[in-house]
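Asks: Input coords.cif, format and content: mmCIF, C-alpha atoms.
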```
data_structure
#
loop_
_atom_site.group_PDB
_atom_site.id
_atom_site.type_symbol
_atom_site.label_atom_id
_atom_site.label_comp_id
_atom_site.auth_asym_id
_atom_site.auth_seq_id
_atom_site.Cartn_x
_atom_site.Cartn_y
_atom_site.Cartn_z
ATOM 1 C CA MET A 179 4.053 -8.645 21.790
ATOM 2 C CA ARG A 180 7.037 -7.555 19.735
ATOM 3 C CA GLN A 181 7.836 -3.866 19.210
ATOM 4 C CA PHE A 182 8.938 -2.321 15.904
ATOM 5 C CA ASN A 183 10.456 1.037 15.041
ATOM 6 C CA CYS A 184 8.323 1.810 11.984
ATOM 7 C CA VAL A 185 4.943 0.263 12.819
ATOM 8 C CA THR A 186 2.722 -0.008 15.861
ATOM 9 C CA ILE A 187 0.725 -3.167 16.533
ATOM 10 C CA GLU A 188 -2.587 -3.815 18.293
ATOM 11 C CA TYR A 189 -4.249 -7.211 18.545
ATOM 12 C CA PHE A 190 -7.923 -7.565 19.385
ATOM 13 C CA LYS A 191 -8.441 -11.243 20.154
ATOM 14 C CA GLU A 192 -12.220 -11.067 20.491
ATOM 15 C CA GLN A 193 -12.552 -9.599 16.984
ATOM 16 C CA GLU A 194 -9.681 -11.740 15.682
ATOM 17 C CA LEU A 195 -8.134 -8.527 14.347
ATOM 18 C CA LEU A 196 -4.538 -7.372 13.948
ATOM 19 C CA PHE A 197 -4.194 -3.619 13.497
ATOM 20 C CA TRP A 198 -0.850 -2.252 12.306
ATOM 21 C CA LYS A 199 -0.118 1.415 11.721
ATOM 22 C CA ILE A 200 2.727 3.191 9.960
ATOM 23 C CA LYS A 201 4.393 5.257 12.686
ATOM 24 C CA ASP A 202 4.677 9.025 12.458
ATOM 25 C CA THR A 203 8.479 9.197 12.287
ATOM 26 C CA GLY A 204 8.888 12.149 9.906
ATOM 27 C CA MET A 205 8.304 12.107 6.149
ATOM 28 C CA PRO A 206 5.392 9.724 5.535
ATOM 29 C CA ASN A 207 6.983 7.637 2.792
ATOM 30 C CA PHE A 208 8.510 4.185 2.402
ATOM 31 C CA CYS A 209 12.138 4.591 3.448
ATOM 32 C CA LEU A 210 14.785 1.901 3.066
ATOM 33 C CA ASP A 211 15.084 1.226 6.814
ATOM 34 C CA GLY A 212 11.330 0.839 7.082
ATOM 35 C CA LEU A 213 11.234 -1.620 4.193
ATOM 36 C CA TRP A 214 13.978 -3.751 5.742
ATOM 37 C CA GLU A 215 12.069 -3.797 9.019
ATOM 38 C CA PHE A 216 8.830 -4.680 7.230
ATOM 39 C CA GLN A 217 10.467 -7.949 6.171
ATOM 40 C CA GLU A 218 11.002 -8.763 9.852
ATOM 41 C CA PHE A 219 7.465 -7.662 10.638
ATOM 42 C CA ALA A 220 6.006 -9.939 7.937
ATOM 43 C CA ILE A 221 7.927 -12.957 9.250
ATOM 44 C CA TRP A 222 6.815 -12.188 12.797
ATOM 45 C CA VAL A 223 3.139 -11.828 11.799
ATOM 46 C CA LYS A 224 3.080 -15.205 10.074
ATOM 47 C CA GLU A 225 4.878 -16.989 12.912
ATOM 48 C CA TYR A 226 3.030 -15.319 15.789
ATOM 49 C CA PHE A 227 -0.465 -15.820 14.373
ATOM 50 C CA SER A 228 0.128 -19.362 13.196
ATOM 51 C CA HIS A 229 -0.398 -20.357 16.846
ATOM 52 C CA PRO A 230 -3.914 -21.742 17.539
ATOM 53 C CA ASP A 231 -4.214 -19.645 20.705
ATOM 54 C CA ARG A 232 -4.012 -16.442 18.642
ATOM 55 C CA PRO A 233 -7.024 -16.554 16.280
ATOM 56 C CA LEU A 234 -6.958 -14.124 13.395
ATOM 57 C CA LYS A 235 -9.413 -13.277 10.633
ATOM 58 C CA PHE A 236 -8.495 -9.688 9.737
ATOM 59 C CA ILE A 237 -5.291 -7.724 9.220
ATOM 60 C CA VAL A 238 -5.867 -3.971 8.960
ATOM 61 C CA SER A 239 -3.299 -1.349 7.996
ATOM 62 C CA ALA A 240 -3.513 2.361 8.786
ATOM 63 C CA SER A 241 -1.241 5.333 9.420
ATOM 64 C CA GLU A 242 -0.472 7.550 12.390
ATOM 65 C CA HIS A 243 0.274 10.487 10.064
ATOM 66 C CA ASP A 244 -2.441 13.117 10.287
ATOM 67 C CA GLY A 245 -4.006 13.583 6.867
ATOM 68 C CA ILE A 246 -1.628 11.234 5.043
ATOM 69 C CA TYR A 247 -1.830 7.463 4.598
ATOM 70 C CA ASN A 248 1.462 7.395 2.722
ATOM 71 C CA MET A 249 3.228 9.507 0.089
ATOM 72 C CA GLY A 250 4.865 6.460 -1.466
ATOM 73 C CA GLY A 251 8.436 6.129 -2.648
ATOM 74 C CA ASP A 252 11.412 7.857 -1.085
ATOM 75 C CA LEU A 253 11.941 10.475 -3.802
ATOM 76 C CA PRO A 254 15.164 11.954 -2.342
ATOM 77 C CA PHE A 255 16.607 8.405 -2.321
ATOM 78 C CA PHE A 256 15.501 7.936 -5.939
ATOM 79 C CA LEU A 257 16.976 11.254 -7.000
ATOM 80 C CA GLU A 258 20.353 10.590 -5.405
ATOM 81 C CA ASN A 259 20.703 7.093 -6.847
ATOM 82 C CA ILE A 260 19.484 8.049 -10.307
ATOM 83 C CA LYS A 261 22.013 10.870 -10.443
ATOM 84 C CA THR A 262 24.834 8.524 -9.382
ATOM 85 C CA LYS A 263 23.548 5.692 -11.621
ATOM 86 C CA ASN A 264 23.431 3.344 -8.633
ATOM 87 C CA VAL A 265 21.397 0.498 -10.095
ATOM 88 C CA GLU A 266 22.155 -1.797 -7.154
ATOM 89 C CA ASN A 267 20.657 0.556 -4.557
ATOM 90 C CA LEU A 268 17.538 1.174 -6.617
ATOM 91 C CA THR A 269 17.088 -2.543 -7.289
ATOM 92 C CA THR A 270 17.442 -3.380 -3.598
ATOM 93 C CA TYR A 271 14.844 -0.754 -2.721
ATOM 94 C CA ALA A 272 12.463 -1.860 -5.481
ATOM 95 C CA HIS A 273 12.660 -5.540 -4.523
ATOM 96 C CA LEU A 274 12.015 -4.705 -0.855
ATOM 97 C CA CYS A 275 8.905 -2.809 -1.954
ATOM 98 C CA ILE A 276 7.717 -5.869 -3.852
ATOM 99 C CA ASP A 277 8.364 -8.057 -0.806
ATOM 100 C CA ALA A 278 6.144 -5.726 1.230
ATOM 101 C CA ILE A 279 3.408 -5.482 -1.407
ATOM 102 C CA TYR A 280 3.312 -9.236 -1.947
ATOM 103 C CA ASN A 281 3.209 -9.974 1.770
ATOM 104 C CA ILE A 282 0.204 -7.676 2.050
ATOM 105 C CA TYR A 283 -1.426 -9.119 -1.080
ATOM 106 C CA THR A 284 -1.032 -12.674 0.261
ATOM 107 C CA SER A 285 -2.142 -11.638 3.776
ATOM 108 C CA PHE A 286 1.274 -12.614 5.161
ATOM 109 C CA GLY A 287 0.630 -16.238 4.254
ATOM 110 C CA LEU A 288 -2.287 -16.494 6.667
ATOM 111 C CA PRO A 289 -5.952 -17.442 6.013
ATOM 112 C CA VAL A 290 -7.207 -13.923 6.731
ATOM 113 C CA ILE A 291 -8.755 -10.920 4.992
ATOM 114 C CA SER A 292 -6.729 -7.720 4.664
ATOM 115 C CA VAL A 293 -8.170 -4.197 4.875
ATOM 116 C CA ALA A 294 -6.536 -0.812 4.234
ATOM 117 C CA LEU A 295 -8.028 1.858 6.489
ATOM 118 C CA VAL A 296 -7.096 5.008 4.576
ATOM 119 C CA GLU A 297 -7.725 8.093 6.719
ATOM 120 C CA GLY A 298 -5.313 10.313 4.788
ATOM 121 C CA ASN A 299 -4.186 10.920 1.221
ATOM 122 C CA ALA A 300 -2.398 8.063 -0.572
ATOM 123 C CA TYR A 301 0.057 8.895 -3.332
ATOM 124 C CA GLY A 302 2.269 6.696 -5.515
ATOM 125 C CA GLY A 303 3.442 3.723 -3.502
ATOM 126 C CA GLY A 304 0.931 4.612 -0.795
ATOM 127 C CA PHE A 305 -1.856 4.051 -3.325
ATOM 128 C CA GLU A 306 -0.185 0.803 -4.441
ATOM 129 C CA CYS A 307 0.029 -0.354 -0.824
ATOM 130 C CA ALA A 308 -3.700 0.250 -0.327
ATOM 131 C CA LEU A 309 -4.496 -1.585 -3.578
ATOM 132 C CA ALA A 310 -2.624 -4.672 -2.338
ATOM 133 C CA HIS A 311 -5.283 -5.204 0.352
ATOM 134 C CA ASP A 312 -8.473 -7.171 -0.175
ATOM 135 C CA PHE A 313 -10.596 -4.150 0.768
ATOM 136 C CA ILE A 314 -10.131 -0.393 1.117
ATOM 137 C CA ILE A 315 -12.157 1.694 3.560
ATOM 138 C CA THR A 316 -11.592 5.435 3.423
ATOM 139 C CA GLU A 317 -13.056 8.822 4.156
ATOM 140 C CA GLU A 318 -14.901 10.378 1.225
ATOM 141 C CA LYS A 319 -12.634 13.446 0.933
ATOM 142 C CA ILE A 320 -9.408 11.429 0.752
ATOM 143 C CA GLN A 321 -7.327 11.746 -2.418
ATOM 144 C CA PHE A 322 -5.392 9.122 -4.382
ATOM 145 C CA CYS A 323 -2.801 9.655 -7.094
ATOM 146 C CA LEU A 324 -0.107 7.932 -9.144
ATOM 147 C CA PRO A 325 2.126 10.938 -9.945
ATOM 148 C CA GLU A 326 5.109 9.146 -11.507
ATOM 149 C CA ASN A 327 4.232 10.216 -15.052
ATOM 150 C CA LYS A 328 4.865 13.824 -14.011
ATOM 151 C CA PHE A 329 8.610 13.098 -14.032
ATOM 152 C CA ASN A 330 8.596 10.624 -16.933
ATOM 153 C CA LEU A 331 8.459 7.415 -14.886
ATOM 154 C CA PHE A 332 5.723 4.897 -14.132
ATOM 155 C CA PRO A 333 4.474 3.319 -10.882
ATOM 156 C CA GLY A 334 6.689 0.256 -10.517
ATOM 157 C CA MET A 335 5.653 -1.337 -7.246
ATOM 158 C CA GLY A 336 2.380 -3.076 -8.006
ATOM 159 C CA ALA A 337 0.010 -0.592 -9.640
ATOM 160 C CA TYR A 338 -0.006 -2.288 -13.049
ATOM 161 C CA SER A 339 -0.519 -5.807 -11.736
ATOM 162 C CA LEU A 340 -3.140 -4.824 -9.184
ATOM 163 C CA LEU A 341 -5.145 -2.292 -11.203
ATOM 164 C CA TYR A 342 -5.330 -4.365 -14.385
ATOM 165 C CA ARG A 343 -6.798 -7.199 -12.323
ATOM 166 C CA LYS A 344 -9.417 -4.937 -10.762
ATOM 167 C CA LEU A 345 -10.484 -2.563 -13.568
ATOM 168 C CA ASN A 346 -10.902 -2.334 -17.321
ATOM 169 C CA THR A 347 -7.892 -1.241 -19.363
ATOM 170 C CA ILE A 348 -9.325 2.175 -20.280
ATOM 171 C CA ASP A 349 -9.772 3.235 -16.654
ATOM 172 C CA VAL A 350 -6.375 1.852 -15.649
ATOM 173 C CA ASP A 351 -4.610 3.643 -18.486
ATOM 174 C CA ALA A 352 -6.305 6.892 -17.469
ATOM 175 C CA ILE A 353 -5.283 6.540 -13.812
ATOM 176 C CA ILE A 354 -1.660 5.680 -14.618
ATOM 177 C CA LYS A 355 -1.086 8.029 -17.561
ATOM 178 C CA SER A 356 -2.844 11.139 -16.322
ATOM 179 C CA GLY A 357 -1.100 11.583 -12.970
ATOM 180 C CA ARG A 358 -4.391 13.127 -11.817
ATOM 181 C CA ILE A 359 -5.577 13.291 -8.238
ATOM 182 C CA TYR A 360 -8.704 11.188 -7.747
ATOM 183 C CA LYS A 361 -11.248 11.555 -4.981
ATOM 184 C CA ALA A 362 -12.255 8.450 -3.061
ATOM 185 C CA ARG A 363 -15.861 8.680 -4.243
ATOM 186 C CA TYR A 364 -14.787 8.380 -7.886
ATOM 187 C CA LEU A 365 -12.597 5.360 -7.153
ATOM 188 C CA GLN A 366 -15.495 3.784 -5.285
ATOM 189 C CA SER A 367 -17.615 4.177 -8.424
ATOM 190 C CA LEU A 368 -14.975 2.132 -10.275
ATOM 191 C CA GLY A 369 -15.056 -0.584 -7.620
ATOM 192 C CA LEU A 370 -11.643 0.042 -6.055
ATOM 193 C CA ILE A 371 -12.972 1.202 -2.695
ATOM 194 C CA GLU A 372 -15.336 -0.881 -0.598
ATOM 195 C CA GLU A 373 -16.745 1.740 1.757
ATOM 196 C CA LEU A 374 -16.698 5.506 2.242
ATOM 197 C CA ALA A 375 -17.000 7.239 5.583
ATOM 198 C CA GLU A 376 -17.541 10.817 6.650
ATOM 199 C CA LYS A 377 -14.530 12.616 8.078
ATOM 200 C CA GLY A 378 -13.516 11.191 11.430
ATOM 201 C CA THR A 379 -15.773 8.140 11.193
ATOM 202 C CA ALA A 380 -13.602 5.709 9.185
ATOM 203 C CA LEU A 381 -12.762 3.649 12.275
ATOM 204 C CA VAL A 382 -16.455 3.223 13.067
ATOM 205 C CA SER A 383 -17.056 2.125 9.476
ATOM 206 C CA LEU A 384 -14.208 -0.362 9.786
ATOM 207 C CA HIS A 385 -15.669 -2.037 12.861
ATOM 208 C CA LEU A 386 -19.136 -2.215 11.296
ATOM 209 C CA PHE A 387 -17.599 -3.697 8.162
ATOM 210 C CA ILE A 388 -15.674 -6.314 10.156
ATOM 211 C CA LYS A 389 -18.801 -7.236 12.114
ATOM 212 C CA ARG A 390 -20.723 -7.715 8.878
ATOM 213 C CA ILE A 391 -17.983 -9.710 7.143
ATOM 214 C CA THR A 392 -17.425 -11.904 10.215
ATOM 215 C CA GLU A 393 -21.011 -13.149 9.965
ATOM 216 C CA ASN A 394 -20.259 -14.502 6.490
ATOM 217 C CA PHE A 395 -16.487 -14.934 6.766
ATOM 218 C CA ASN A 396 -16.293 -18.419 5.257
ATOM 219 C CA PHE A 397 -17.854 -17.187 2.028
ATOM 220 C CA GLU A 398 -16.010 -13.843 1.920
ATOM 221 C CA TYR A 399 -12.573 -15.351 2.495
ATOM 222 C CA HIS A 400 -12.988 -18.117 -0.067
ATOM 223 C CA HIS A 401 -14.609 -15.745 -2.547
ATOM 224 C CA ILE A 402 -11.416 -13.641 -2.422
ATOM 225 C CA GLN A 403 -9.244 -16.738 -2.818
ATOM 226 C CA CYS A 404 -11.258 -17.836 -5.854
ATOM 227 C CA LYS A 405 -10.787 -14.441 -7.499
ATOM 228 C CA LYS A 406 -7.056 -14.616 -6.843
ATOM 229 C CA SER A 407 -6.968 -18.097 -8.357
ATOM 230 C CA VAL A 408 -8.847 -17.013 -11.480
ATOM 231 C CA PHE A 409 -6.627 -13.926 -11.874
ATOM 232 C CA PRO A 410 -3.370 -15.192 -10.296
ATOM 233 C CA LEU A 411 -0.607 -12.773 -9.385
ATOM 234 C CA GLU A 412 2.833 -14.276 -8.889
ATOM 235 C CA LYS A 413 5.670 -12.406 -7.227
ATOM 236 C CA GLU A 414 7.807 -12.924 -10.339
ATOM 237 C CA GLU A 415 5.456 -10.665 -12.310
ATOM 238 C CA LEU A 416 5.832 -7.873 -9.758
ATOM 239 C CA LEU A 417 9.613 -8.245 -9.786
ATOM 240 C CA LYS A 418 9.734 -8.127 -13.576
ATOM 241 C CA VAL A 419 7.778 -4.866 -13.622
ATOM 242 C CA THR A 420 9.872 -3.286 -10.873
ATOM 243 C CA ASP A 421 13.085 -4.257 -12.702
ATOM 244 C CA LEU A 422 11.694 -2.401 -15.721
ATOM 245 C CA TRP A 423 11.137 0.548 -13.388
ATOM 246 C CA VAL A 424 14.800 0.501 -12.338
ATOM 247 C CA GLU A 425 15.795 0.351 -15.999
ATOM 248 C CA ALA A 426 13.546 3.331 -16.742
ATOM 249 C CA CYS A 427 15.085 5.295 -13.856
ATOM 250 C CA MET A 428 18.453 5.102 -15.586
ATOM 251 C CA LYS A 429 16.995 6.709 -18.718
ATOM 252 C CA ILE A 430 15.267 9.827 -17.418
ATOM 253 C CA ASN A 431 16.968 13.136 -18.227
ATOM 254 C CA THR A 432 18.011 16.226 -16.307
ATOM 255 C CA PHE A 433 14.711 17.977 -16.989
ATOM 256 C CA ASP A 434 12.810 14.994 -15.531
ATOM 257 C CA LEU A 435 15.043 15.042 -12.460
ATOM 258 C CA ARG A 436 14.289 18.708 -11.989
ATOM 259 C CA LYS A 437 10.566 17.920 -11.983
ATOM 260 C CA MET A 438 11.250 15.223 -9.363
ATOM 261 C CA GLU A 439 13.029 17.820 -7.229
ATOM 262 C CA ILE A 440 9.992 20.115 -7.500
ATOM 263 C CA LEU A 441 7.740 17.266 -6.314
ATOM 264 C CA ILE A 442 10.135 16.517 -3.430
ATOM 265 C CA ASN A 443 9.892 20.141 -2.291
ATOM 266 C CA ALA A 444 6.110 20.067 -2.611
ATOM 267 C CA GLN A 445 5.905 16.869 -0.547
ATOM 268 C CA SER A 446 8.126 18.394 2.146
ATOM 269 C CA ARG A 447 5.870 21.436 2.406
ATOM 270 C CA LYS A 448 2.749 19.262 2.464
ATOM 271 C CA ALA A 449 4.168 16.975 5.149
ATOM 272 C CA LYS A 450 4.987 19.950 7.377
ATOM 273 C CA VAL A 451 1.395 21.137 7.073
ATOM 274 C CA GLU A 452 -0.345 17.788 7.511
ATOM 275 C CA ILE A 453 1.858 15.909 9.959
#
```
Can you present the structure in this file as structure tokens?
Replies:
Amino acid sequence: MRQFNCVTIEYFKEQELLFWKIKDTGMPNFCLDGLWEFQEFAIWVKEYFSHPDRPLKFIVSASEHDGIYNMGGDLPFFLENIKTKNVENLTTYAHLCIDAIYNIYTSFGLPVISVALVEGNAYGGGFECALAHDFIITEEKIQFCLPENKFNLFPGMGAYSLLYRKLNTIDVDAIIKSGRIYKARYLQSLGLIEELAEKGTALVSLHLFIKRITENFNFEYHHIQCKKSVFPLEKEELLKVTDLWVEACMKINTFDLRKMEILINAQSRKAKVEI
């Protein structure tokens, strides 16, 4: 099986399950190199599991980072390219994010169900990544947040398209505008999270969930496809929103950039504690 620098892969043929994890390679965010490699990973997944000898029903994502699923966008990269007005770099990054999100949302073009196993906090793009899956399973103490409003930006890599298809507009506006940290239990009450687990038991919950879904897979898979047909999401919509995000990046002021720097420092301290 192929090896990648940014993700680890495990395949459980008996359960028809592919498990991929974001590697612990430093700051737990989506860096440019990782996004480029994810394109290769997505192509490999579709090709490798299109073979009849490699049955697949579930693709599960997780993270090797202790206490963190993902912190989202590469804020130092954003800061540098906003300061230098490098629209091309930001656009390249944003479009790679959309490629990744859409590959997850479409289950890599395979007839499978996707699950985000969130055993650590998910912020910004990390939250968006989890939302792109068909189901989210997480520990009850895990936190989720879209913090972009704190520095006068908005989440540009899927949050709008995904949340407005899952929730009512009042709840979505609150989540996006407030920049608040939300506990998993609250998000479950809104319907965003499928199952909660006690600390250290998320993997057990995942396997019980997969066993249960497998018994009724034909219905569950096609039920998801029907919902996606009724509320279709095309890649062009995601790209349009992320292009607006790039445009907005060029308009934030020095004070906003200072707030981004403060968040970068806070993330660095948090990563050192939790990694």
Asks: Near Asp277 in chain A, counting all atoms listed in the file, which residues have an atom at most 10 Å away, once you skip same-chain residues fewer than 6 positions from it, shown as a list in words?
Replies: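 Counting only the stated atoms, we get Leu213, Trp214, Phe216, Gln217, Ala220, Tyr271, Tyr283, Met335, Lys413, Leu416 and Leu417 of chain A.
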Asks: Spell out the residues picked by the PyMOL selection byres ((chain A and resi 190) around 12) here, as a list in words.
Replies: Ile187, Glu188, Tyr189, Lys191, Glu192, Gln193, Glu194, Leu195, Leu196, Phe197, Trp198, Arg232, Pro233, Leu234, Lys235, Phe236, Ile237, Val238 and His385 of chain A
Asks: So what does the PyMOL selection byres ((chain A and resi 284-291) around 12) actually pick up in this one, as an mmCIF file with C-alpha atoms, in the frame of the given file?
Replies:
```
data_model
loop_
_atom_site.group_PDB
_atom_site.id
_atom_site.type_symbol
_atom_site.label_atom_id
_atom_site.label_comp_id
_atom_site.auth_asym_id
_atom_site.auth_seq_id
_atom_site.Cartn_x
_atom_site.Cartn_y
_atom_site.Cartn_z
ATOM 1 C CA GLU A 194 -9.681 -11.740 15.682
ATOM 2 C CA LEU A 195 -8.134 -8.527 14.347
ATOM 3 C CA LEU A 196 -4.538 -7.372 13.948
ATOM 4 C CA PHE A 216 8.830 -4.680 7.230
ATOM 5 C CA GLN A 217 10.467 -7.949 6.171
ATOM 6 C CA GLU A 218 11.002 -8.763 9.852
ATOM 7 C CA PHE A 219 7.465 -7.662 10.638
ATOM 8 C CA ALA A 220 6.006 -9.939 7.937
ATOM 9 C CA ILE A 221 7.927 -12.957 9.250
ATOM 10 C CA TRP A 222 6.815 -12.188 12.797
ATOM 11 C CA VAL A 223 3.139 -11.828 11.799
ATOM 12 C CA LYS A 224 3.080 -15.205 10.074
ATOM 13 C CA GLU A 225 4.878 -16.989 12.912
ATOM 14 C CA TYR A 226 3.030 -15.319 15.789
ATOM 15 C CA PHE A 227 -0.465 -15.820 14.373
ATOM 16 C CA SER A 228 0.128 -19.362 13.196
ATOM 17 C CA HIS A 229 -0.398 -20.357 16.846
ATOM 18 C CA PRO A 233 -7.024 -16.554 16.280
ATOM 19 C CA LEU A 234 -6.958 -14.124 13.395
ATOM 20 C CA LYS A 235 -9.413 -13.277 10.633
ATOM 21 C CA PHE A 236 -8.495 -9.688 9.737
ATOM 22 C CA ILE A 237 -5.291 -7.724 9.220
ATOM 23 C CA VAL A 238 -5.867 -3.971 8.960
ATOM 24 C CA SER A 239 -3.299 -1.349 7.996
ATOM 25 C CA ILE A 276 7.717 -5.869 -3.852
ATOM 26 C CA ASP A 277 8.364 -8.057 -0.806
ATOM 27 C CA ALA A 278 6.144 -5.726 1.230
ATOM 28 C CA ILE A 279 3.408 -5.482 -1.407
ATOM 29 C CA TYR A 280 3.312 -9.236 -1.947
ATOM 30 C CA ASN A 281 3.209 -9.974 1.770
ATOM 31 C CA ILE A 282 0.204 -7.676 2.050
ATOM 32 C CA TYR A 283 -1.426 -9.119 -1.080
ATOM 33 C CA SER A 292 -6.729 -7.720 4.664
ATOM 34 C CA VAL A 293 -8.170 -4.197 4.875
ATOM 35 C CA ALA A 294 -6.536 -0.812 4.234
ATOM 36 C CA ALA A 310 -2.624 -4.672 -2.338
ATOM 37 C CA HIS A 311 -5.283 -5.204 0.352
ATOM 38 C CA ASP A 312 -8.473 -7.171 -0.175
ATOM 39 C CA PHE A 313 -10.596 -4.150 0.768
ATOM 40 C CA ILE A 314 -10.131 -0.393 1.117
ATOM 41 C CA PHE A 387 -17.599 -3.697 8.162
ATOM 42 C CA ILE A 388 -15.674 -6.314 10.156
ATOM 43 C CA ILE A 391 -17.983 -9.710 7.143
ATOM 44 C CA THR A 392 -17.425 -11.904 10.215
ATOM 45 C CA PHE A 395 -16.487 -14.934 6.766
ATOM 46 C CA ASN A 396 -16.293 -18.419 5.257
ATOM 47 C CA PHE A 397 -17.854 -17.187 2.028
ATOM 48 C CA GLU A 398 -16.010 -13.843 1.920
ATOM 49 C CA TYR A 399 -12.573 -15.351 2.495
ATOM 50 C CA HIS A 400 -12.988 -18.117 -0.067
ATOM 51 C CA HIS A 401 -14.609 -15.745 -2.547
ATOM 52 C CA ILE A 402 -11.416 -13.641 -2.422
ATOM 53 C CA GLN A 403 -9.244 -16.738 -2.818
ATOM 54 C CA LYS A 406 -7.056 -14.616 -6.843
ATOM 55 C CA SER A 407 -6.968 -18.097 -8.357
ATOM 56 C CA PRO A 410 -3.370 -15.192 -10.296
ATOM 57 C CA LEU A 411 -0.607 -12.773 -9.385
ATOM 58 C CA GLU A 412 2.833 -14.276 -8.889
ATOM 59 C CA LYS A 413 5.670 -12.406 -7.227
#
```
Asks: Tell me, in Å to one decimal, how far CA of Leu381 in chain A is from CA of Glu306 in chain A.
Replies: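 Atom-to-atom, CA of Leu381 in chain A to CA of Glu306 in chain A, that is 21.1 Å.
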Asks: Distance CA of Gly302 in chain A-CA of Met249 in chain A, one decimal place?
Replies: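 For CA of Gly302 in chain A relative to CA of Met249 in chain A, the distance reads 6.3 Å.
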Asks: Using all atoms listed in the file, determine which residues lie at most 9 Å from Asn183 in chain A, disregarding the query and same-chain residues fewer than 3 positions distant; provide the list as a PDB file with C-alpha atoms, in the coordinates of the input.
Replies:
```pdb
ATOM      1  CA  THR A 186       2.722  -0.008  15.861  1.00  0.00           C
ATOM      2  CA  LYS A 201       4.393   5.257  12.686  1.00  0.00           C
ATOM      3  CA  THR A 203       8.479   9.197  12.287  1.00  0.00           C
ATOM      4  CA  GLY A 212      11.330   0.839   7.082  1.00  0.00           C
ATOM      5  CA  GLU A 215      12.069  -3.797   9.019  1.00  0.00           C
TER       6      GLU A 215
END
```
Asks: Quick one: apply the PyMOL selection byres ((chain A and resi 430) around 10) to the file and drop the selected residues here as an mmCIF file with C-alpha atoms, keeping the file's coordinate frame.
Replies:
```cif
data_model
loop_
_atom_site.group_PDB
_atom_site.id
_atom_site.type_symbol
_atom_site.label_atom_id
_atom_site.label_comp_id
_atom_site.auth_asym_id
_atom_site.auth_seq_id
_atom_site.Cartn_x
_atom_site.Cartn_y
_atom_site.Cartn_z
ATOM 1 C CA ILE A 260 19.484 8.049 -10.307
ATOM 2 C CA LYS A 261 22.013 10.870 -10.443
ATOM 3 C CA PHE A 329 8.610 13.098 -14.032
ATOM 4 C CA ASN A 330 8.596 10.624 -16.933
ATOM 5 C CA LEU A 331 8.459 7.415 -14.886
ATOM 6 C CA GLU A 425 15.795 0.351 -15.999
ATOM 7 C CA ALA A 426 13.546 3.331 -16.742
ATOM 8 C CA CYS A 427 15.085 5.295 -13.856
ATOM 9 C CA MET A 428 18.453 5.102 -15.586
ATOM 10 C CA LYS A 429 16.995 6.709 -18.718
ATOM 11 C CA ASN A 431 16.968 13.136 -18.227
ATOM 12 C CA THR A 432 18.011 16.226 -16.307
ATOM 13 C CA PHE A 433 14.711 17.977 -16.989
ATOM 14 C CA ASP A 434 12.810 14.994 -15.531
ATOM 15 C CA LEU A 435 15.043 15.042 -12.460
#
```
Asks: Identify which of the residues A:Gln321, A:Gln366, A:Asn207, A:Thr262 lies closest to Gly245 in chain A, counting all atoms listed in the file when measuring atom-to-atom distances.
Replies: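 Using all atoms listed in the file, Gly245 in chain A sits closest to A:Gln321.
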Asks: To one decimal in Å, tell me the separation between CA of Lys344 in chain A and CA of Lys361 in chain A.
Replies: 17.6 Å
Asks: What's the 12 Å shell around Asp252 in chain A, counting only C-alpha atoms, without same-chain residues fewer than 4 positions away, as a ChimeraX atom specification?
Replies: /A:205-213,248,256-259,268,271-272,275,301-304,438-439,441-442,445-446
Asks: Kindly indicate which residue among A:Ala308, A:Val350, A:Val185, A:Ala362 lies nearest to Ala375 in chain A, using only C-alpha atoms for the distances.
Replies: A:Ala362
Asks: Would you compute, for all listed atoms of range 416-422 of chain A, the axis-aligned bounding box grown by 3 Å on each side, and then report its centre and edge lengths in Å rounded to one decimal, as lines of an AutoDock Vina configuration file?
Replies:
```
center_x = 9.5
center_y = -5.3
center_z = -12.7
size_x = 13.3
size_y = 11.8
size_z = 12.0
```
Asks: Closest to Pro333 in chain A among A:Gly378, A:Pro230, A:Val296, A:Gly357, using only C-alpha atoms?
Replies: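 Going through A:Gly378, A:Pro230, A:Val296, A:Gly357 one by one, the smallest distance to Pro333 in chain A is for A:Gly357.
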Asks: Given the choices A:Asn327, A:Ser241, A:Thr270, A:Ser356, which gets closest to Asn299 in chain A if the distance is worked out from all atoms listed in the file?
Replies: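 Nearest candidate to Asn299 in chain A out of A:Asn327, A:Ser241, A:Thr270, A:Ser356: A:Ser241.
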Asks: With distances taken over all atoms listed in the file, which residue among A:Gly204, A:Gly250, A:Gly369, A:Gly298 lies nearest Glu318 in chain A?
Replies: A:Gly298
Asks: For each of A:Ile320, A:Glu326, A:Glu393, A:Gly334, take the minimum atom-to-atom distance to Tyr364 in chain A, counting only C-alpha atoms, then give the residue where this is smallest.
Replies: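 Selected residue with least distance to Tyr364 in chain A: A:Ile320.
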